[in-house]
>>> print(open('protein_23.pdb').read())   # PDB, C-alpha atoms
MODEL        1
ATOM      1  CA  MET A   1       9.901   4.054  24.006  1.00  0.00           C
ATOM      2  CA  ALA A   2       7.313   3.290  21.320  1.00  0.00           C
ATOM      3  CA  ILE A   3       7.882   5.261  18.110  1.00  0.00           C
ATOM      4  CA  THR A   4       4.574   6.334  16.590  1.00  0.00           C
ATOM      5  CA  ASP A   5       5.091   9.849  15.240  1.00  0.00           C
ATOM      6  CA  PHE A   6       7.534  12.731  14.773  1.00  0.00           C
ATOM      7  CA  ALA A   7       7.654  13.649  18.463  1.00  0.00           C
ATOM      8  CA  THR A   8       8.433  10.123  19.694  1.00  0.00           C
ATOM      9  CA  LEU A   9      10.991   9.528  16.917  1.00  0.00           C
ATOM     10  CA  LYS A  10      12.713  12.818  17.741  1.00  0.00           C
ATOM     11  CA  ALA A  11      12.737  12.032  21.474  1.00  0.00           C
ATOM     12  CA  LYS A  12      14.226   8.558  20.882  1.00  0.00           C
ATOM     13  CA  VAL A  13      16.953   9.952  18.627  1.00  0.00           C
ATOM     14  CA  GLN A  14      17.885  12.552  21.248  1.00  0.00           C
ATOM     15  CA  VAL A  15      18.006   9.967  24.027  1.00  0.00           C
ATOM     16  CA  ASP A  16      20.072   7.485  22.003  1.00  0.00           C
ATOM     17  CA  CYS A  17      22.481  10.239  21.008  1.00  0.00           C
ATOM     18  CA  SER A  18      22.614  11.611  24.580  1.00  0.00           C
ATOM     19  CA  ARG A  19      21.791  15.010  23.146  1.00  0.00           C
ATOM     20  CA  THR A  20      18.739  16.636  24.654  1.00  0.00           C
ATOM     21  CA  ASP A  21      19.934  20.193  24.000  1.00  0.00           C
ATOM     22  CA  THR A  22      17.847  22.520  21.834  1.00  0.00           C
ATOM     23  CA  THR A  23      20.595  23.044  19.253  1.00  0.00           C
ATOM     24  CA  PHE A  24      20.738  19.335  18.463  1.00  0.00           C
ATOM     25  CA  GLY A  25      16.964  18.934  18.750  1.00  0.00           C
ATOM     26  CA  ASN A  26      16.473  21.542  16.060  1.00  0.00           C
ATOM     27  CA  GLN A  27      18.564  19.401  13.684  1.00  0.00           C
ATOM     28  CA  VAL A  28      16.515  16.220  14.072  1.00  0.00           C
ATOM     29  CA  GLU A  29      13.939  17.138  11.426  1.00  0.00           C
ATOM     30  CA  ASP A  30      16.808  17.517   8.929  1.00  0.00           C
ATOM     31  CA  PHE A  31      18.209  14.132   9.983  1.00  0.00           C
ATOM     32  CA  ILE A  32      14.800  12.556   9.329  1.00  0.00           C
ATOM     33  CA  SER A  33      14.624  14.159   5.882  1.00  0.00           C
ATOM     34  CA  LEU A  34      18.073  12.808   4.972  1.00  0.00           C
ATOM     35  CA  ALA A  35      17.058   9.410   6.357  1.00  0.00           C
ATOM     36  CA  GLU A  36      13.955   9.360   4.146  1.00  0.00           C
ATOM     37  CA  ASP A  37      16.044   9.954   1.028  1.00  0.00           C
ATOM     38  CA  ARG A  38      18.101   6.905   1.977  1.00  0.00           C
ATOM     39  CA  ILE A  39      15.029   4.828   2.888  1.00  0.00           C
ATOM     40  CA  PHE A  40      13.072   5.416  -0.302  1.00  0.00           C
ATOM     41  CA  ASN A  41      15.778   6.131  -2.909  1.00  0.00           C
ATOM     42  CA  GLY A  42      18.648   3.987  -1.686  1.00  0.00           C
ATOM     43  CA  VAL A  43      22.281   5.099  -1.838  1.00  0.00           C
ATOM     44  CA  GLY A  44      25.118   4.156  -4.177  1.00  0.00           C
ATOM     45  CA  ASP A  45      25.923   0.676  -5.445  1.00  0.00           C
ATOM     46  CA  LEU A  46      27.300  -2.489  -3.878  1.00  0.00           C
ATOM     47  CA  ASN A  47      30.869  -1.156  -4.013  1.00  0.00           C
ATOM     48  CA  ASP A  48      29.938   2.023  -2.145  1.00  0.00           C
ATOM     49  CA  PRO A  49      30.800   1.832   1.592  1.00  0.00           C
ATOM     50  CA  LEU A  50      27.625   3.819   2.309  1.00  0.00           C
ATOM     51  CA  TYR A  51      25.463   1.650   0.043  1.00  0.00           C
ATOM     52  CA  SER A  52      21.928   0.716   1.025  1.00  0.00           C
ATOM     53  CA  GLU A  53      19.093  -0.628  -1.101  1.00  0.00           C
ATOM     54  CA  PRO A  54      15.810   1.283  -1.236  1.00  0.00           C
ATOM     55  CA  LEU A  55      12.840   0.080   0.760  1.00  0.00           C
ATOM     56  CA  ARG A  56      10.094  -1.539  -1.345  1.00  0.00           C
ATOM     57  CA  SER A  57       7.584  -2.832   1.194  1.00  0.00           C
ATOM     58  CA  ASP A  58       3.944  -3.863   0.940  1.00  0.00           C
ATOM     59  CA  GLU A  59       2.531  -0.763   2.630  1.00  0.00           C
ATOM     60  CA  MET A  60       4.071   1.371  -0.141  1.00  0.00           C
ATOM     61  CA  VAL A  61       2.150  -0.420  -2.916  1.00  0.00           C
ATOM     62  CA  THR A  62      -0.454   1.817  -4.576  1.00  0.00           C
ATOM     63  CA  ARG A  63      -2.869   1.350  -7.472  1.00  0.00           C
ATOM     64  CA  SER A  64      -3.790   4.036  -9.966  1.00  0.00           C
ATOM     65  CA  THR A  65      -4.748   4.616 -13.595  1.00  0.00           C
ATOM     66  CA  ILE A  66      -2.615   6.369 -16.198  1.00  0.00           C
ATOM     67  CA  ALA A  67      -4.021   8.042 -19.294  1.00  0.00           C
ATOM     68  CA  PHE A  68      -1.936   7.312 -22.406  1.00  0.00           C
ATOM     69  CA  THR A  69      -1.818   9.374 -25.568  1.00  0.00           C
ATOM     70  CA  ASP A  70      -0.045   8.006 -28.633  1.00  0.00           C
ATOM     71  CA  GLY A  71       1.727   5.408 -26.520  1.00  0.00           C
ATOM     72  CA  GLU A  72       2.983   7.707 -23.767  1.00  0.00           C
ATOM     73  CA  GLY A  73       1.818   8.339 -20.193  1.00  0.00           C
ATOM     74  CA  THR A  74       3.179  10.062 -17.079  1.00  0.00           C
ATOM     75  CA  ILE A  75       4.230   8.126 -13.978  1.00  0.00           C
ATOM     76  CA  PRO A  76       2.514   9.293 -10.750  1.00  0.00           C
ATOM     77  CA  ALA A  77       4.556  11.996  -9.033  1.00  0.00           C
ATOM     78  CA  ASP A  78       4.960   9.976  -5.819  1.00  0.00           C
ATOM     79  CA  SER A  79       6.225   6.835  -7.581  1.00  0.00           C
ATOM     80  CA  VAL A  80       9.643   5.438  -6.638  1.00  0.00           C
ATOM     81  CA  GLY A  81       9.228   2.253  -8.660  1.00  0.00           C
ATOM     82  CA  VAL A  82       6.757   0.648 -11.048  1.00  0.00           C
ATOM     83  CA  ARG A  83       5.656  -2.865 -10.147  1.00  0.00           C
ATOM     84  CA  SER A  84       3.292  -3.638 -13.037  1.00  0.00           C
ATOM     85  CA  LEU A  85       1.313  -2.112 -15.877  1.00  0.00           C
ATOM     86  CA  SER A  86      -1.765  -3.749 -17.355  1.00  0.00           C
ATOM     87  CA  ARG A  87      -4.953  -3.374 -19.374  1.00  0.00           C
ATOM     88  CA  GLU A  88      -8.321  -3.926 -17.717  1.00  0.00           C
ATOM     89  CA  SER A  89      -8.748  -7.372 -19.329  1.00  0.00           C
ATOM     90  CA  ASP A  90      -5.062  -8.347 -19.048  1.00  0.00           C
ATOM     91  CA  ARG A  91      -4.360 -11.246 -16.657  1.00  0.00           C
ATOM     92  CA  ILE A  92      -0.562 -11.076 -17.041  1.00  0.00           C
ATOM     93  CA  GLY A  93       0.341  -7.439 -17.618  1.00  0.00           C
ATOM     94  CA  LEU A  94       2.646  -5.679 -20.014  1.00  0.00           C
ATOM     95  CA  GLU A  95       6.241  -6.867 -20.104  1.00  0.00           C
ATOM     96  CA  PRO A  96       8.922  -4.359 -19.024  1.00  0.00           C
ATOM     97  CA  LEU A  97      11.833  -3.893 -21.442  1.00  0.00           C
ATOM     98  CA  SER A  98      15.088  -1.975 -21.487  1.00  0.00           C
ATOM     99  CA  VAL A  99      15.052   1.133 -23.657  1.00  0.00           C
ATOM    100  CA  ASP A 100      17.083  -0.593 -26.396  1.00  0.00           C
ATOM    101  CA  ALA A 101      14.884  -3.701 -26.462  1.00  0.00           C
ATOM    102  CA  PHE A 102      11.796  -1.512 -26.444  1.00  0.00           C
ATOM    103  CA  GLU A 103      12.987   0.470 -29.463  1.00  0.00           C
ATOM    104  CA  LEU A 104      13.398  -2.777 -31.387  1.00  0.00           C
ATOM    105  CA  ARG A 105       9.803  -3.743 -30.569  1.00  0.00           C
ATOM    106  CA  LEU A 106       8.608  -0.293 -31.561  1.00  0.00           C
ATOM    107  CA  ALA A 107      10.521  -0.445 -34.836  1.00  0.00           C
ATOM    108  CA  SER A 108       8.920  -3.773 -35.741  1.00  0.00           C
ATOM    109  CA  GLY A 109       5.772  -1.910 -36.741  1.00  0.00           C
ATOM    110  CA  ASP A 110       3.395  -4.377 -35.068  1.00  0.00           C
ATOM    111  CA  GLY A 111      -0.030  -2.984 -34.276  1.00  0.00           C
ATOM    112  CA  GLY A 112      -2.731  -3.679 -31.725  1.00  0.00           C
ATOM    113  CA  ASN A 113      -2.976  -3.347 -27.966  1.00  0.00           C
ATOM    114  CA  PRO A 114       0.140  -2.579 -25.899  1.00  0.00           C
ATOM    115  CA  ARG A 115       2.241  -5.569 -24.849  1.00  0.00           C
ATOM    116  CA  TRP A 116       5.530  -4.023 -23.680  1.00  0.00           C
ATOM    117  CA  TYR A 117       6.623  -0.903 -21.860  1.00  0.00           C
ATOM    118  CA  THR A 118       9.735   1.009 -20.929  1.00  0.00           C
ATOM    119  CA  ILE A 119      10.389   3.927 -18.607  1.00  0.00           C
ATOM    120  CA  GLU A 120      12.267   7.074 -19.569  1.00  0.00           C
ATOM    121  CA  GLY A 121      12.424   9.576 -16.739  1.00  0.00           C
ATOM    122  CA  ASN A 122       8.838  10.245 -15.674  1.00  0.00           C
ATOM    123  CA  THR A 123       7.361   8.867 -18.896  1.00  0.00           C
ATOM    124  CA  ILE A 124       6.109   5.345 -19.616  1.00  0.00           C
ATOM    125  CA  ARG A 125       6.117   4.351 -23.290  1.00  0.00           C
ATOM    126  CA  THR A 126       4.215   1.373 -24.667  1.00  0.00           C
ATOM    127  CA  ALA A 127       4.629  -0.836 -27.722  1.00  0.00           C
ATOM    128  CA  PRO A 128       3.151  -1.444 -30.186  1.00  0.00           C
ATOM    129  CA  GLY A 129       3.043   2.322 -30.580  1.00  0.00           C
ATOM    130  CA  GLY A 130       0.116   4.653 -30.898  1.00  0.00           C
ATOM    131  CA  TYR A 131      -1.975   3.450 -27.953  1.00  0.00           C
ATOM    132  CA  THR A 132      -4.444   5.977 -26.565  1.00  0.00           C
ATOM    133  CA  GLY A 133      -6.476   5.014 -23.503  1.00  0.00           C
ATOM    134  CA  ASN A 134      -6.083   4.088 -19.851  1.00  0.00           C
ATOM    135  CA  LEU A 135      -3.787   1.507 -18.271  1.00  0.00           C
ATOM    136  CA  ARG A 136      -3.674   0.311 -14.668  1.00  0.00           C
ATOM    137  CA  ILE A 137      -0.451   0.827 -12.748  1.00  0.00           C
ATOM    138  CA  LEU A 138       0.717  -0.846  -9.567  1.00  0.00           C
ATOM    139  CA  TYR A 139       3.630   1.076  -8.073  1.00  0.00           C
ATOM    140  CA  TYR A 140       5.603   1.855  -4.942  1.00  0.00           C
ATOM    141  CA  ALA A 141       4.610   5.281  -3.623  1.00  0.00           C
ATOM    142  CA  ARG A 142       6.921   7.401  -1.497  1.00  0.00           C
ATOM    143  CA  PRO A 143       4.850   8.589   1.467  1.00  0.00           C
ATOM    144  CA  SER A 144       4.818  12.204   2.601  1.00  0.00           C
ATOM    145  CA  GLY A 145       7.843  13.053   4.724  1.00  0.00           C
ATOM    146  CA  ILE A 146       7.713  13.086   8.505  1.00  0.00           C
ATOM    147  CA  THR A 147       7.867  16.613   9.955  1.00  0.00           C
ATOM    148  CA  SER A 148       6.650  18.481  12.989  1.00  0.00           C
ATOM    149  CA  THR A 149       3.410  19.206  11.083  1.00  0.00           C
ATOM    150  CA  ASN A 150       3.062  15.954   9.100  1.00  0.00           C
ATOM    151  CA  THR A 151       3.708  13.732  12.072  1.00  0.00           C
ATOM    152  CA  THR A 152       3.404  10.206  10.683  1.00  0.00           C
ATOM    153  CA  ASN A 153       3.004   8.061   7.560  1.00  0.00           C
ATOM    154  CA  VAL A 154       2.331   4.435   6.656  1.00  0.00           C
ATOM    155  CA  VAL A 155       5.984   3.386   6.705  1.00  0.00           C
ATOM    156  CA  LEU A 156       6.731   4.920  10.108  1.00  0.00           C
ATOM    157  CA  THR A 157       3.623   3.215  11.478  1.00  0.00           C
ATOM    158  CA  ALA A 158       4.555  -0.185  10.023  1.00  0.00           C
ATOM    159  CA  ARG A 159       8.357  -0.031  10.338  1.00  0.00           C
ATOM    160  CA  PRO A 160       9.505   2.432  13.022  1.00  0.00           C
ATOM    161  CA  SER A 161      12.792   0.567  13.467  1.00  0.00           C
ATOM    162  CA  ILE A 162      13.769   1.383   9.876  1.00  0.00           C
ATOM    163  CA  TYR A 163      13.103   5.070  10.431  1.00  0.00           C
ATOM    164  CA  LEU A 164      15.019   5.013  13.701  1.00  0.00           C
ATOM    165  CA  ALA A 165      18.094   3.245  12.311  1.00  0.00           C
ATOM    166  CA  ALA A 166      18.301   5.567   9.297  1.00  0.00           C
ATOM    167  CA  THR A 167      17.842   8.693  11.400  1.00  0.00           C
ATOM    168  CA  LEU A 168      20.402   7.584  13.971  1.00  0.00           C
ATOM    169  CA  PHE A 169      22.907   6.999  11.174  1.00  0.00           C
ATOM    170  CA  GLU A 170      22.404  10.578  10.005  1.00  0.00           C
ATOM    171  CA  ALA A 171      22.554  11.951  13.542  1.00  0.00           C
ATOM    172  CA  PHE A 172      25.775  10.141  14.496  1.00  0.00           C
ATOM    173  CA  SER A 173      27.290  11.020  11.116  1.00  0.00           C
ATOM    174  CA  PHE A 174      26.544  14.668  11.894  1.00  0.00           C
ATOM    175  CA  MET A 175      28.371  14.244  15.203  1.00  0.00           C
ATOM    176  CA  ARG A 176      31.249  12.471  13.402  1.00  0.00           C
ATOM    177  CA  ASP A 177      30.805   9.486  15.689  1.00  0.00           C
ATOM    178  CA  ALA A 178      32.017   6.114  14.370  1.00  0.00           C
ATOM    179  CA  VAL A 179      28.992   4.381  15.907  1.00  0.00           C
ATOM    180  CA  ALA A 180      27.094   5.687  12.865  1.00  0.00           C
ATOM    181  CA  GLN A 181      28.322   2.634  10.943  1.00  0.00           C
ATOM    182  CA  SER A 182      26.579   0.231  13.304  1.00  0.00           C
ATOM    183  CA  HIS A 183      23.283   2.011  12.705  1.00  0.00           C
ATOM    184  CA  LEU A 184      23.870   1.868   8.938  1.00  0.00           C
ATOM    185  CA  ALA A 185      24.496  -1.885   9.207  1.00  0.00           C
ATOM    186  CA  ARG A 186      21.267  -2.330  11.172  1.00  0.00           C
ATOM    187  CA  PHE A 187      19.366  -0.222   8.670  1.00  0.00           C
ATOM    188  CA  ARG A 188      20.664  -2.302   5.760  1.00  0.00           C
ATOM    189  CA  SER A 189      19.612  -5.497   7.496  1.00  0.00           C
ATOM    190  CA  LEU A 190      16.106  -4.204   8.281  1.00  0.00           C
ATOM    191  CA  VAL A 191      15.498  -2.990   4.733  1.00  0.00           C
ATOM    192  CA  SER A 192      16.857  -6.190   3.204  1.00  0.00           C
ATOM    193  CA  GLY A 193      14.523  -8.230   5.396  1.00  0.00           C
ATOM    194  CA  ALA A 194      11.494  -6.093   4.544  1.00  0.00           C
ATOM    195  CA  ASN A 195      12.222  -6.296   0.823  1.00  0.00           C
ATOM    196  CA  ARG A 196      12.768 -10.049   1.006  1.00  0.00           C
ATOM    197  CA  THR A 197       9.406 -10.479   2.744  1.00  0.00           C
ATOM    198  CA  GLN A 198       7.698  -8.353   0.098  1.00  0.00           C
ATOM    199  CA  ARG A 199       9.183 -10.468  -2.706  1.00  0.00           C
ATOM    200  CA  ALA A 200       8.118 -13.665  -0.942  1.00  0.00           C
ATOM    201  CA  ASN A 201       4.579 -12.314  -0.532  1.00  0.00           C
ATOM    202  CA  ARG A 202       4.393 -11.619  -4.253  1.00  0.00           C
ATOM    203  CA  ARG A 203       5.376 -15.217  -5.000  1.00  0.00           C
ATOM    204  CA  GLY A 204       3.259 -16.745  -2.270  1.00  0.00           C
ATOM    205  CA  GLY A 205       6.480 -17.811  -0.564  1.00  0.00           C
ATOM    206  CA  LYS A 206       7.708 -19.749  -3.603  1.00  0.00           C
ATOM    207  CA  THR A 207      10.027 -19.099  -6.503  1.00  0.00           C
ATOM    208  CA  ILE A 208       7.913 -19.022  -9.635  1.00  0.00           C
ATOM    209  CA  ALA A 209       9.203 -19.019 -13.208  1.00  0.00           C
ATOM    210  CA  ARG A 210       6.466 -17.126 -15.003  1.00  0.00           C
ATOM    211  CA  ALA A 211       6.131 -17.766 -18.717  1.00  0.00           C
ATOM    212  CA  ARG A 212       5.244 -14.697 -20.770  1.00  0.00           C
ATOM    213  CA  VAL A 213       1.815 -14.928 -22.336  1.00  0.00           C
ATOM    214  CA  SER A 214       1.144 -12.438 -25.115  1.00  0.00           C
ATOM    215  CA  ILE A 215      -2.243 -10.807 -24.911  1.00  0.00           C
ATOM    216  CA  GLY A 216      -3.998 -10.867 -28.217  1.00  0.00           C
ATOM    217  CA  SER A 217      -4.482  -7.582 -30.076  1.00  0.00           C
TER     218      SER A 217
ENDMDL
END
>>> encode(input="protein_23.pdb", output="structure tokens")
Amino acid sequence: MAITDFATLKAKVQVDCSRTDTTFGNQVEDFISLAEDRIFNGVGDLNDPLYSEPLRSDEMVTRSTIAFTDGEGTIPADSVGVRSLSRESDRIGLEPLSVDAFELRLASGDGGNPRWYTIEGNTIRTAPGGYTGNLRILYYARPSGITSTNTTNVVLTARPSIYLAATLFEAFSFMRDAVAQSHLARFRSLVSGANRTQRANRRGGKTIARARVSIGS
């Protein structure tokens, strides 16, 4: 059965779970919603038995522009991860820093165009401080959730097996069936492979040590 939208995903889940009754069918949309939280946000850490890394695949990559005022701008609401931040004439991009390292840069009092950034909640801060203007952002966007009314999105179209594995894990977990763990293992493997491919695409298939080049102020 080809999975292309909500209806075909729901039907496949019901068949694989051997549950075609209405009571179970009415739960599938909730299973998909739980699956999407796992797909796009990840769960736990490496020591967590339910751990899975978040999906960061090429079809999620989105470009936009952020307006900054006095060195601060707001991350797009659908962002689940920033990939790069740059000025229009910047060939390298701003360098991401931890909050502590960023504060040291900010305290240095250097002026000029922004060279570094850090993220605090939904806010991006740049250093040197005081920048007002637009910066380009490349980020991973979480697509709209799959429902009976919003029947598909770019990730379901490109990677239906990831959606299926995550939803089956939630469905079998709901039924307290131990087979849920096999679907979690498959989901982990699929996401790891997709993320590895995305990283390889960014590097052109090679490991590149990129030297930081400061953009002149």
>>> resolve_selection(input="protein_23.pdb", expression="the PyMOL selection byres ((chain A and resi 158) around 12)", output="number ranges by chain")
A: 3-5, 57-60, 152-157, 159-163, 194
>>> closest_residue(input="protein_23.pdb", among="A:Leu85, A:Leu138, A:Leu190, A:Ile32", to="Thr62 in chain A", atoms="only C-alpha atoms")
A:Leu138
>>> atom_distance(input="protein_23.pdb", atom1="CA of Arg63 in chain A", atom2="CA of Val43 in chain A")
26.0 Å
>>> resolve_selection(input="protein_23.pdb", expression="the PyMOL selection byres ((chain A and resi 121-130) around 6)", output="CSV table (one decimal) with C-alpha atoms, keeping the file's coordinate frame")
chain,number,residue,atom,x,y,z
A,70,ASP,CA,0.0,8.0,-28.6
A,71,GLY,CA,1.7,5.4,-26.5
A,72,GLU,CA,3.0,7.7,-23.8
A,73,GLY,CA,1.8,8.3,-20.2
A,74,THR,CA,3.2,10.1,-17.1
A,75,ILE,CA,4.2,8.1,-14.0
A,106,LEU,CA,8.6,-0.3,-31.6
A,110,ASP,CA,3.4,-4.4,-35.1
A,111,GLY,CA,0.0,-3.0,-34.3
A,114,PRO,CA,0.1,-2.6,-25.9
A,116,TRP,CA,5.5,-4.0,-23.7
A,117,TYR,CA,6.6,-0.9,-21.9
A,118,THR,CA,9.7,1.0,-20.9
A,119,ILE,CA,10.4,3.9,-18.6
A,120,GLU,CA,12.3,7.1,-19.6
A,131,TYR,CA,-2.0,3.4,-28.0
>>> resolve_selection(input="protein_23.pdb", expression="the PyMOL selection byres ((chain A and resi 13) around 12)", output="MDAnalysis selection string")
chainID A and resid 1 3 6:12 14:21 24:29 31:32 160:161 163:172 183
>>> atom_distance(input="protein_23.pdb", atom1="CA of Tyr139 in chain A", atom2="CA of Asp78 in chain A")
9.3 Å
>>> atom_distance(input="protein_23.pdb", atom1="CA of Leu34 in chain A", atom2="CA of Ala2 in chain A")
21.8 Å
>>> closest_residue(input="protein_23.pdb", among="A:Ser86, A:Ser98, A:Ser52, A:Thr22", to="Phe187 in chain A", atoms="all atoms listed in the file")
A:Ser52
>>> residues_around(input="protein_23.pdb", residues="Glu88 in chain A", least_positions_apart="2", cutoff="10 Å", atoms="all atoms listed in the file", output="JSON, numbers by chain")
{"A": [85, 86, 90, 91, 93, 134, 135, 136]}
